[in-house]
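Undergrad: This is the structure, below, for whatever I ask next.
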Amino acid sequence: MIQLTATPVSALVDEPVHIRATGLTPFQMVSFQASLEDENGDMFYSQAHYRANEFGEVDLKHASSLGGDYMGVHPMGLFWSLKPEKLLTRLVKRDVNRPFQVQVKLYDLELIVNNKVASAPKAILTLERWYVAPGVTRIKVREGRLRGALFLPPGEGLFPGVIDLFGGLGGLLEFRASLLASHGFASLALAYHNYEDLPAKPEVTDLGYFEEAANFLLRHPKVFGSGVGVVSVCQGVQIGLSMAIYLKQVTATVLINGTNFPFGIPQVYRGQIHQPLPHSAQLISTNALGLLELYRTFETTQAGASQYLFPIEEAQGQFLFIVGEGDKTINSKAHAEQAIGQLKTHGKNNWTLLSYPGAGHLIEPPYSPLCCASTTHDLRLHWGGEVIPHAAAQEHSWKEIQRFLRKHLIPDVTSQL
């Protein structure tokens with residue numbers, strides 16, 4: 001009897017799953033096909049083809065895919081190779097309290113013609129992929145100006161506190177904060193534009209808002225009071241970097257594919273205005289697929305950019321730069337290297353750089369599908385990245401982010417004795 005098994009069937013999205021097929025004919029060729037429907041009803045699909053061993057088994061932990069959406073030994077390939085049925089659609093989890101359901105079907109490869117199945121599947125399995133662990137509490141935040149959601153791990157605490165910032169998409173994205181809470185962090189998913197009563201297109205970035213968020217987190221009775229961390233991506237990086245420089249409350253900052261200067265709108269803090277670096281619209285390019293590539297837009301102004309750069313050397317905390325070298329939206333490697341150069345010039349060694357060849361702009365938690373392009377604010381943007389190296393970057397960087405935050409946010413008890 002043909003069986004399809006997975007261990008575990010229900011797990012966090014950043015946890016690996018062990019998938020096996022048994023009861024096949026020795027050396028039989030089969031196709032694994034995975035599908036996922038998001039909260040908007042959009043479908044995502046992946047497939048990989050395998051040959052059973054002499055015992056009639058295919059173990060994805062050890063077997064090599066011979067074709068489909070990836071080749072080689074990739075136990076979680078069916079997850080990170082999911083592609084949208086509707087082009088330029090990004091998979092984004094909106095309601096973290098409900099899991100994504102991934103359906104895996106097993107077919108006889110010989111009965112697939114022109115990528116269309118000619119018979120019923122031999123076996124079907126449905127997996128639950130959660131963004132929040134049992135016992136994690138979500139608290140809606142609407143205090144003063146602050147808008148967001150606070151996720152607390154189970155237990156009495158104390159927990160390291162983290163502020164989670166996304167970029168130009170706006171609104172409130174909670175999936176990274178909920179996962180961080182699932183791994184022991186008190187994590188505040190913070191909205192800062194285009195959400196509830198926050199402006200859709202703010203004229204300035206007021207750093208005082210983010211200072212309120214840091215103080216809010218530090219006041220919480222379950223949070224270590226020694227300092228907070230920031231995890232930021234894209235547009236959020238310029239805010240995370242400013243917080244690290246100007247707010248003594250911030251002691252550890254993760255910067256994923258961003259700039260070391262403000263762009264778009266000015267930043268304001270206590271009457272001090274930091275003007276955005278001008279960009280060159282003529283350097284916005286369109287690739288062969290008609291997708292916009294923005295990563296060169298600051299090239300002509302970079303040479304005279306010193307007055308616009310953040311004084312990163314003034315920061316007292318630690319930095320973790322994460323760079324996708326295949327990023328087509330921001331030349332994040334150049335910006336990270338420039339920031340690190342500033343730190344070195346001032347005799348600082350409070351930084352770590354993780355630079356990933358082949359990874360794109362949207363580096364997310366492990367096993368998330370690569371989104372290399374999507375429509376954002378009516379623009380068809382090329383985010384970049386290659387499927388396999390991008391997946392490897394997500395898996396490695398997620399572990400390093402957690403290690404970095406724990407190291408610099410959890411007080412060293414021995415040093416206080």
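Ordering of the structure tokens sets the chain letters (A, B, ...), residue numbers begin anew at 1 in every chain, and ligands are numbered from 1 in the order given.
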If we count only C-alpha atoms and set the cut-off at 10 Å, which residues sit around Gln235 in chain A, ignoring sequence neighbours fewer than 5 positions away in its own chain? Please answer as a list in words.

TA: Leu165, Phe166, Gly167, Gly168, Leu169, Gly170, Gly240, Ile256, Asn257, Gly258, Thr259, Pro262, Phe263, Gly264 and Ile330 of chain A

Undergrad: From a DSSP calculation on the backbone, collect every residue of range 144-351 of chain A in strand (DSSP E or B) and output the set as a VMD selection string.

TA: chain A and resid 146 to 152 159 to 165 186 to 190 205 to 206 223 to 233 250 to 256 267 to 269 272 to 274 285 to 286 292 to 293 318 to 324 327 351

Undergrad: Can you work out which one of A:Lys399, A:Arg296, A:Lys116, A:His408 has the shortest atom-to-atom distance to Leu180 in chain A, counting only C-alpha atoms?

TA: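 Closest candidate: A:Lys399.
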
Undergrad: Using only C-alpha atoms, which protein or nucleic acid residues come within 7 Å of range 382-397 of chain A? Drop anything in the same chain fewer than 3 positions from it, and give the result as a ChimeraX atom specification.

TA: /A:80-81,291-293,326-329,356,358-367,370,372-374,400-401

Undergrad: Quick one: distance from CA of Met243 in chain A to CA of Ser280 in chain A in Å, one decimal?

TA: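 According to the coordinates, CA of Met243 in chain A and CA of Ser280 in chain A are separated by 26.9 Å.
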
Undergrad: Which neighbours of Tyr209 in chain A fall inside 9 Å, counting only C-alpha atoms, when residues of the same chain fewer than 6 positions from it are skipped, and could you give them as a list in words?

TA: Arg145, Leu146 and Tyr192 of chain A

Undergrad: Just all heavy atoms for this one: save the residues we selected as a short mmCIF file (atom, residue, chain, number, x, y, z; two decimals), in the first residue's frame.

TA:
```
data_model
loop_
_atom_site.label_atom_id
_atom_site.label_comp_id
_atom_site.auth_asym_id
_atom_site.auth_seq_id
_atom_site.Cartn_x
_atom_site.Cartn_y
_atom_site.Cartn_z
N ARG A 145 0.39 57.21 20.34
CA ARG A 145 0.49 57.16 18.88
C ARG A 145 0.75 55.76 18.35
O ARG A 145 0.60 55.51 17.15
CB ARG A 145 1.62 58.09 18.40
CG ARG A 145 1.38 59.56 18.63
CD ARG A 145 2.43 60.39 17.90
NE ARG A 145 3.78 60.20 18.44
CZ ARG A 145 4.89 60.66 17.84
NH1 ARG A 145 4.80 61.31 16.70
NH2 ARG A 145 6.08 60.46 18.39
N LEU A 146 1.18 54.86 19.22
CA LEU A 146 1.66 53.55 18.77
C LEU A 146 0.55 52.68 18.21
O LEU A 146 -0.53 52.58 18.78
CB LEU A 146 2.36 52.81 19.91
CG LEU A 146 3.62 53.46 20.49
CD1 LEU A 146 4.21 52.57 21.57
CD2 LEU A 146 4.64 53.73 19.39
N TYR A 192 4.01 51.77 10.93
CA TYR A 192 4.40 53.18 10.96
C TYR A 192 3.86 53.99 9.78
O TYR A 192 4.06 55.19 9.71
CB TYR A 192 5.92 53.35 11.09
CG TYR A 192 6.76 52.68 10.02
CD1 TYR A 192 7.22 53.38 8.91
CD2 TYR A 192 7.15 51.35 10.16
CE1 TYR A 192 8.02 52.78 7.96
CE2 TYR A 192 7.97 50.74 9.21
CZ TYR A 192 8.39 51.46 8.12
OH TYR A 192 9.19 50.86 7.17
#
```

Undergrad: Given the choices A:Lys83, A:Arg20, A:Lys140, A:Arg406, which gets closest to Leu36 in chain A if the distance is worked out from only C-alpha atoms?

TA: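 Between A:Lys83, A:Arg20, A:Lys140, A:Arg406, the residue approaching Leu36 in chain A most closely is A:Lys83.
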
Undergrad: Which of these residues is nearest to Val237 in chain A, using only C-alpha atoms: A:Val204, A:Ile273, A:Ile163, A:Val268?

TA: A:Ile163

Undergrad: Contacts of range 336-339 of chain A at 12 Å or less, counting only C-alpha atoms, minus same-chain residues fewer than 5 places along, as an mmCIF file with N, CA, C and O atoms, in the first residue's frame?

TA:
```cif
data_model
loop_
_atom_site.group_PDB
_atom_site.id
_atom_site.type_symbol
_atom_site.label_atom_id
_atom_site.label_comp_id
_atom_site.auth_asym_id
_atom_site.auth_seq_id
_atom_site.Cartn_x
_atom_site.Cartn_y
_atom_site.Cartn_z
ATOM 1 N N VAL A 237 15.066 49.641 7.313
ATOM 2 C CA VAL A 237 16.473 49.664 7.714
ATOM 3 C C VAL A 237 16.933 51.077 8.047
ATOM 4 O O VAL A 237 17.669 51.287 9.024
ATOM 5 N N GLN A 238 16.509 52.061 7.244
ATOM 6 C CA GLN A 238 16.951 53.427 7.543
ATOM 7 C C GLN A 238 16.416 53.879 8.901
ATOM 8 O O GLN A 238 17.071 54.658 9.608
ATOM 9 N N LEU A 241 18.465 51.853 11.636
ATOM 10 C CA LEU A 241 19.800 52.424 11.774
ATOM 11 C C LEU A 241 19.764 53.716 12.588
ATOM 12 O O LEU A 241 20.586 53.935 13.489
ATOM 13 N N VAL A 254 19.346 44.532 13.621
ATOM 14 C CA VAL A 254 19.476 43.692 12.435
ATOM 15 C C VAL A 254 19.004 44.505 11.232
ATOM 16 O O VAL A 254 17.889 45.044 11.240
ATOM 17 N N LEU A 255 19.853 44.609 10.212
ATOM 18 C CA LEU A 255 19.577 45.428 9.038
ATOM 19 C C LEU A 255 19.588 44.526 7.801
ATOM 20 O O LEU A 255 20.651 44.076 7.359
ATOM 21 N N ILE A 256 18.407 44.253 7.233
ATOM 22 C CA ILE A 256 18.280 43.327 6.101
ATOM 23 C C ILE A 256 18.016 44.119 4.825
ATOM 24 O O ILE A 256 16.955 44.723 4.656
ATOM 25 N N ASN A 257 18.997 44.160 3.939
ATOM 26 C CA ASN A 257 18.833 44.765 2.607
ATOM 27 C C ASN A 257 18.241 46.169 2.653
ATOM 28 O O ASN A 257 17.104 46.406 2.223
ATOM 29 N N GLY A 258 19.040 47.102 3.163
ATOM 30 C CA GLY A 258 18.578 48.484 3.228
ATOM 31 C C GLY A 258 19.692 49.459 2.919
ATOM 32 O O GLY A 258 20.757 49.095 2.420
ATOM 33 N N THR A 259 19.434 50.735 3.228
ATOM 34 C CA THR A 259 20.396 51.793 2.961
ATOM 35 C C THR A 259 20.966 52.340 4.273
ATOM 36 O O THR A 259 20.393 52.130 5.340
ATOM 37 N N ASN A 260 22.070 53.071 4.158
ATOM 38 C CA ASN A 260 22.660 53.738 5.313
ATOM 39 C C ASN A 260 22.438 55.249 5.232
ATOM 40 O O ASN A 260 23.219 56.048 5.717
ATOM 41 N N PHE A 261 21.346 55.630 4.607
ATOM 42 C CA PHE A 261 20.924 57.021 4.487
ATOM 43 C C PHE A 261 19.411 57.031 4.318
ATOM 44 O O PHE A 261 18.812 56.048 3.875
ATOM 45 N N GLN A 302 25.965 58.893 -5.028
ATOM 46 C CA GLN A 302 26.690 58.248 -3.931
ATOM 47 C C GLN A 302 28.020 58.945 -3.637
ATOM 48 O O GLN A 302 28.435 59.058 -2.486
ATOM 49 N N ALA A 303 28.672 59.457 -4.700
ATOM 50 C CA ALA A 303 29.988 60.058 -4.513
ATOM 51 C C ALA A 303 29.935 61.269 -3.573
ATOM 52 O O ALA A 303 30.817 61.466 -2.747
ATOM 53 N N ALA A 305 27.680 61.816 -1.214
ATOM 54 C CA ALA A 305 26.595 61.476 -0.294
ATOM 55 C C ALA A 305 26.930 61.673 1.165
ATOM 56 O O ALA A 305 26.081 61.473 2.019
ATOM 57 N N SER A 306 28.173 62.070 1.479
ATOM 58 C CA SER A 306 28.609 62.051 2.873
ATOM 59 C C SER A 306 27.692 62.851 3.793
ATOM 60 O O SER A 306 27.454 62.449 4.939
ATOM 61 N N LEU A 309 24.681 60.617 4.780
ATOM 62 C CA LEU A 309 24.878 59.331 5.442
ATOM 63 C C LEU A 309 24.621 59.444 6.943
ATOM 64 O O LEU A 309 24.917 60.454 7.565
ATOM 65 N N PHE A 310 24.068 58.376 7.499
ATOM 66 C CA PHE A 310 23.866 58.350 8.950
ATOM 67 C C PHE A 310 25.214 58.265 9.661
ATOM 68 O O PHE A 310 26.101 57.519 9.222
ATOM 69 N N PRO A 311 25.380 58.964 10.780
ATOM 70 C CA PRO A 311 26.633 58.867 11.556
ATOM 71 C C PRO A 311 26.648 57.588 12.385
ATOM 72 O O PRO A 311 26.574 57.605 13.612
ATOM 73 N N ILE A 312 26.762 56.468 11.688
ATOM 74 C CA ILE A 312 26.644 55.157 12.328
ATOM 75 C C ILE A 312 27.694 54.964 13.411
ATOM 76 O O ILE A 312 27.492 54.216 14.372
ATOM 77 N N GLU A 313 28.815 55.672 13.282
ATOM 78 C CA GLU A 313 29.887 55.532 14.274
ATOM 79 C C GLU A 313 29.468 56.008 15.664
ATOM 80 O O GLU A 313 30.110 55.672 16.665
ATOM 81 N N GLU A 314 28.373 56.764 15.749
ATOM 82 C CA GLU A 314 27.898 57.258 17.041
ATOM 83 C C GLU A 314 27.073 56.217 17.809
ATOM 84 O O GLU A 314 26.794 56.391 18.989
ATOM 85 N N ALA A 315 26.693 55.148 17.120
ATOM 86 C CA ALA A 315 25.882 54.110 17.773
ATOM 87 C C ALA A 315 26.719 53.336 18.786
ATOM 88 O O ALA A 315 27.885 53.023 18.534
ATOM 89 N N PHE A 319 25.574 45.747 15.461
ATOM 90 C CA PHE A 319 24.873 45.665 14.178
ATOM 91 C C PHE A 319 25.074 44.297 13.539
ATOM 92 O O PHE A 319 26.182 43.746 13.564
ATOM 93 N N LEU A 320 24.003 43.779 12.933
ATOM 94 C CA LEU A 320 24.082 42.602 12.071
ATOM 95 C C LEU A 320 23.537 43.004 10.708
ATOM 96 O O LEU A 320 22.336 43.245 10.556
ATOM 97 N N PHE A 321 24.438 43.126 9.728
ATOM 98 C CA PHE A 321 24.036 43.437 8.359
ATOM 99 C C PHE A 321 23.777 42.133 7.614
ATOM 100 O O PHE A 321 24.638 41.239 7.606
ATOM 101 N N ILE A 322 22.612 42.044 6.969
ATOM 102 C CA ILE A 322 22.273 40.880 6.152
ATOM 103 C C ILE A 322 22.007 41.365 4.736
ATOM 104 O O ILE A 322 21.154 42.234 4.517
ATOM 105 N N VAL A 323 22.748 40.804 3.788
ATOM 106 C CA VAL A 323 22.743 41.309 2.420
ATOM 107 C C VAL A 323 22.467 40.182 1.431
ATOM 108 O O VAL A 323 23.101 39.127 1.489
ATOM 109 N N GLY A 324 21.519 40.404 0.545
ATOM 110 C CA GLY A 324 21.309 39.525 -0.598
ATOM 111 C C GLY A 324 22.050 40.105 -1.791
ATOM 112 O O GLY A 324 21.689 41.184 -2.277
ATOM 113 N N GLU A 325 23.069 39.425 -2.267
ATOM 114 C CA GLU A 325 23.882 39.981 -3.354
ATOM 115 C C GLU A 325 23.135 40.008 -4.686
ATOM 116 O O GLU A 325 23.569 40.675 -5.623
ATOM 117 N N ILE A 330 17.601 47.298 -4.032
ATOM 118 C CA ILE A 330 18.545 48.159 -3.317
ATOM 119 C C ILE A 330 19.934 47.551 -3.453
ATOM 120 O O ILE A 330 20.090 46.330 -3.322
ATOM 121 N N ASN A 331 20.916 48.376 -3.717
ATOM 122 C CA ASN A 331 22.298 47.882 -3.778
ATOM 123 C C ASN A 331 22.808 47.741 -2.347
ATOM 124 O O ASN A 331 23.715 48.454 -1.898
ATOM 125 N N LYS A 344 34.782 51.177 10.730
ATOM 126 C CA LYS A 344 36.208 50.847 10.805
ATOM 127 C C LYS A 344 37.062 52.108 10.922
ATOM 128 O O LYS A 344 38.027 52.151 11.695
ATOM 129 N N THR A 345 36.689 53.138 10.148
ATOM 130 C CA THR A 345 37.448 54.391 10.182
ATOM 131 C C THR A 345 37.483 54.985 11.577
ATOM 132 O O THR A 345 38.464 55.620 11.982
ATOM 133 N N HIS A 346 36.416 54.756 12.317
ATOM 134 C CA HIS A 346 36.329 55.295 13.676
ATOM 135 C C HIS A 346 36.742 54.267 14.739
ATOM 136 O O HIS A 346 36.434 54.429 15.924
ATOM 137 N N LYS A 348 35.769 51.207 15.225
ATOM 138 C CA LYS A 348 34.678 50.399 15.789
ATOM 139 C C LYS A 348 34.715 48.981 15.229
ATOM 140 O O LYS A 348 35.074 48.751 14.062
ATOM 141 N N ASN A 349 34.325 48.026 16.059
ATOM 142 C CA ASN A 349 34.208 46.631 15.596
ATOM 143 C C ASN A 349 32.876 46.028 16.038
ATOM 144 O O ASN A 349 32.778 44.823 16.278
ATOM 145 N N ASN A 350 31.848 46.881 16.132
ATOM 146 C CA ASN A 350 30.533 46.459 16.637
ATOM 147 C C ASN A 350 29.600 46.031 15.522
ATOM 148 O O ASN A 350 28.439 46.399 15.480
ATOM 149 N N TRP A 351 30.114 45.203 14.602
ATOM 150 C CA TRP A 351 29.299 44.819 13.454
ATOM 151 C C TRP A 351 29.646 43.408 12.990
ATOM 152 O O TRP A 351 30.744 42.904 13.208
ATOM 153 N N THR A 352 28.659 42.791 12.340
ATOM 154 C CA THR A 352 28.831 41.511 11.651
ATOM 155 C C THR A 352 28.131 41.632 10.307
ATOM 156 O O THR A 352 27.040 42.206 10.221
ATOM 157 N N LEU A 353 28.752 41.127 9.258
ATOM 158 C CA LEU A 353 28.160 41.156 7.916
ATOM 159 C C LEU A 353 27.930 39.736 7.434
ATOM 160 O O LEU A 353 28.845 38.917 7.441
ATOM 161 N N LEU A 354 26.702 39.452 7.028
ATOM 162 C CA LEU A 354 26.362 38.193 6.366
ATOM 163 C C LEU A 354 25.919 38.540 4.946
ATOM 164 O O LEU A 354 24.888 39.181 4.756
ATOM 165 N N SER A 355 26.730 38.167 3.973
ATOM 166 C CA SER A 355 26.457 38.513 2.581
ATOM 167 C C SER A 355 26.244 37.234 1.782
ATOM 168 O O SER A 355 27.111 36.354 1.767
#
```

Undergrad: Excluding Asp206 in chain A and its own-chain neighbours fewer than 4 positions away, which residues fall within 8 Å of it when counting only C-alpha atoms? Please give them as JSON, numbers by chain.

TA: {"A": [210, 267, 268, 269]}

Undergrad: Quick one: distance from CA of Lys105 in chain A to CA of Pro121 in chain A in Å, one decimal?

TA: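 Interatomic distance, CA of Lys105 in chain A to CA of Pro121 in chain A: 6.0 Å.
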
Undergrad: Among range 237-415 of chain A, which ones does DSSP place in helix (DSSP H, G or I), written as a PyMOL selection string?

TA: chain A and resi 237-246+281-283+299-302+312-314+332-345+387-409+413-415

Undergrad: Choose the residue, out of A:Cys371, A:Leu88, A:His377, A:Pro160, that has the smallest atom-to-atom separation from Ile410 in chain A; count only C-alpha atoms.

TA: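 Looking at the shortest contact to Ile410 in chain A, the residue is A:Pro160.
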
Undergrad: So which one's closest to Asn40 in chain A, A:Leu60, A:Ala288, A:Leu409, A:Val92? Using only C-alpha atoms, please.

TA: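 Between A:Leu60, A:Ala288, A:Leu409, A:Val92, the residue approaching Asn40 in chain A most closely is A:Val92.
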
Undergrad: Closest to Arg138 in chain A among A:Val104, A:Ala186, A:Pro369, A:Glu110, using only C-alpha atoms?

TA: A:Ala186

Undergrad: If I take CA of Thr251 in chain A and CA of Val96 in chain A, how far is one from the other in Å, to one decimal?

TA: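 That distance, rounded to one decimal, is 27.7 Å.
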
Undergrad: Tell me which protein, DNA and RNA residues are within 9 Å of Phe44 in chain A, counting only C-alpha atoms, leaving out same-chain ones fewer than 3 positions away, and put them as a list of chain:residue names.

TA: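 These residues fall inside the cut-off: A:Ala34, A:Ser35, A:Leu36, A:Glu37, A:Asp38, A:Leu82, A:Lys83, A:Pro84, A:Glu85, A:Lys86, A:Leu91.
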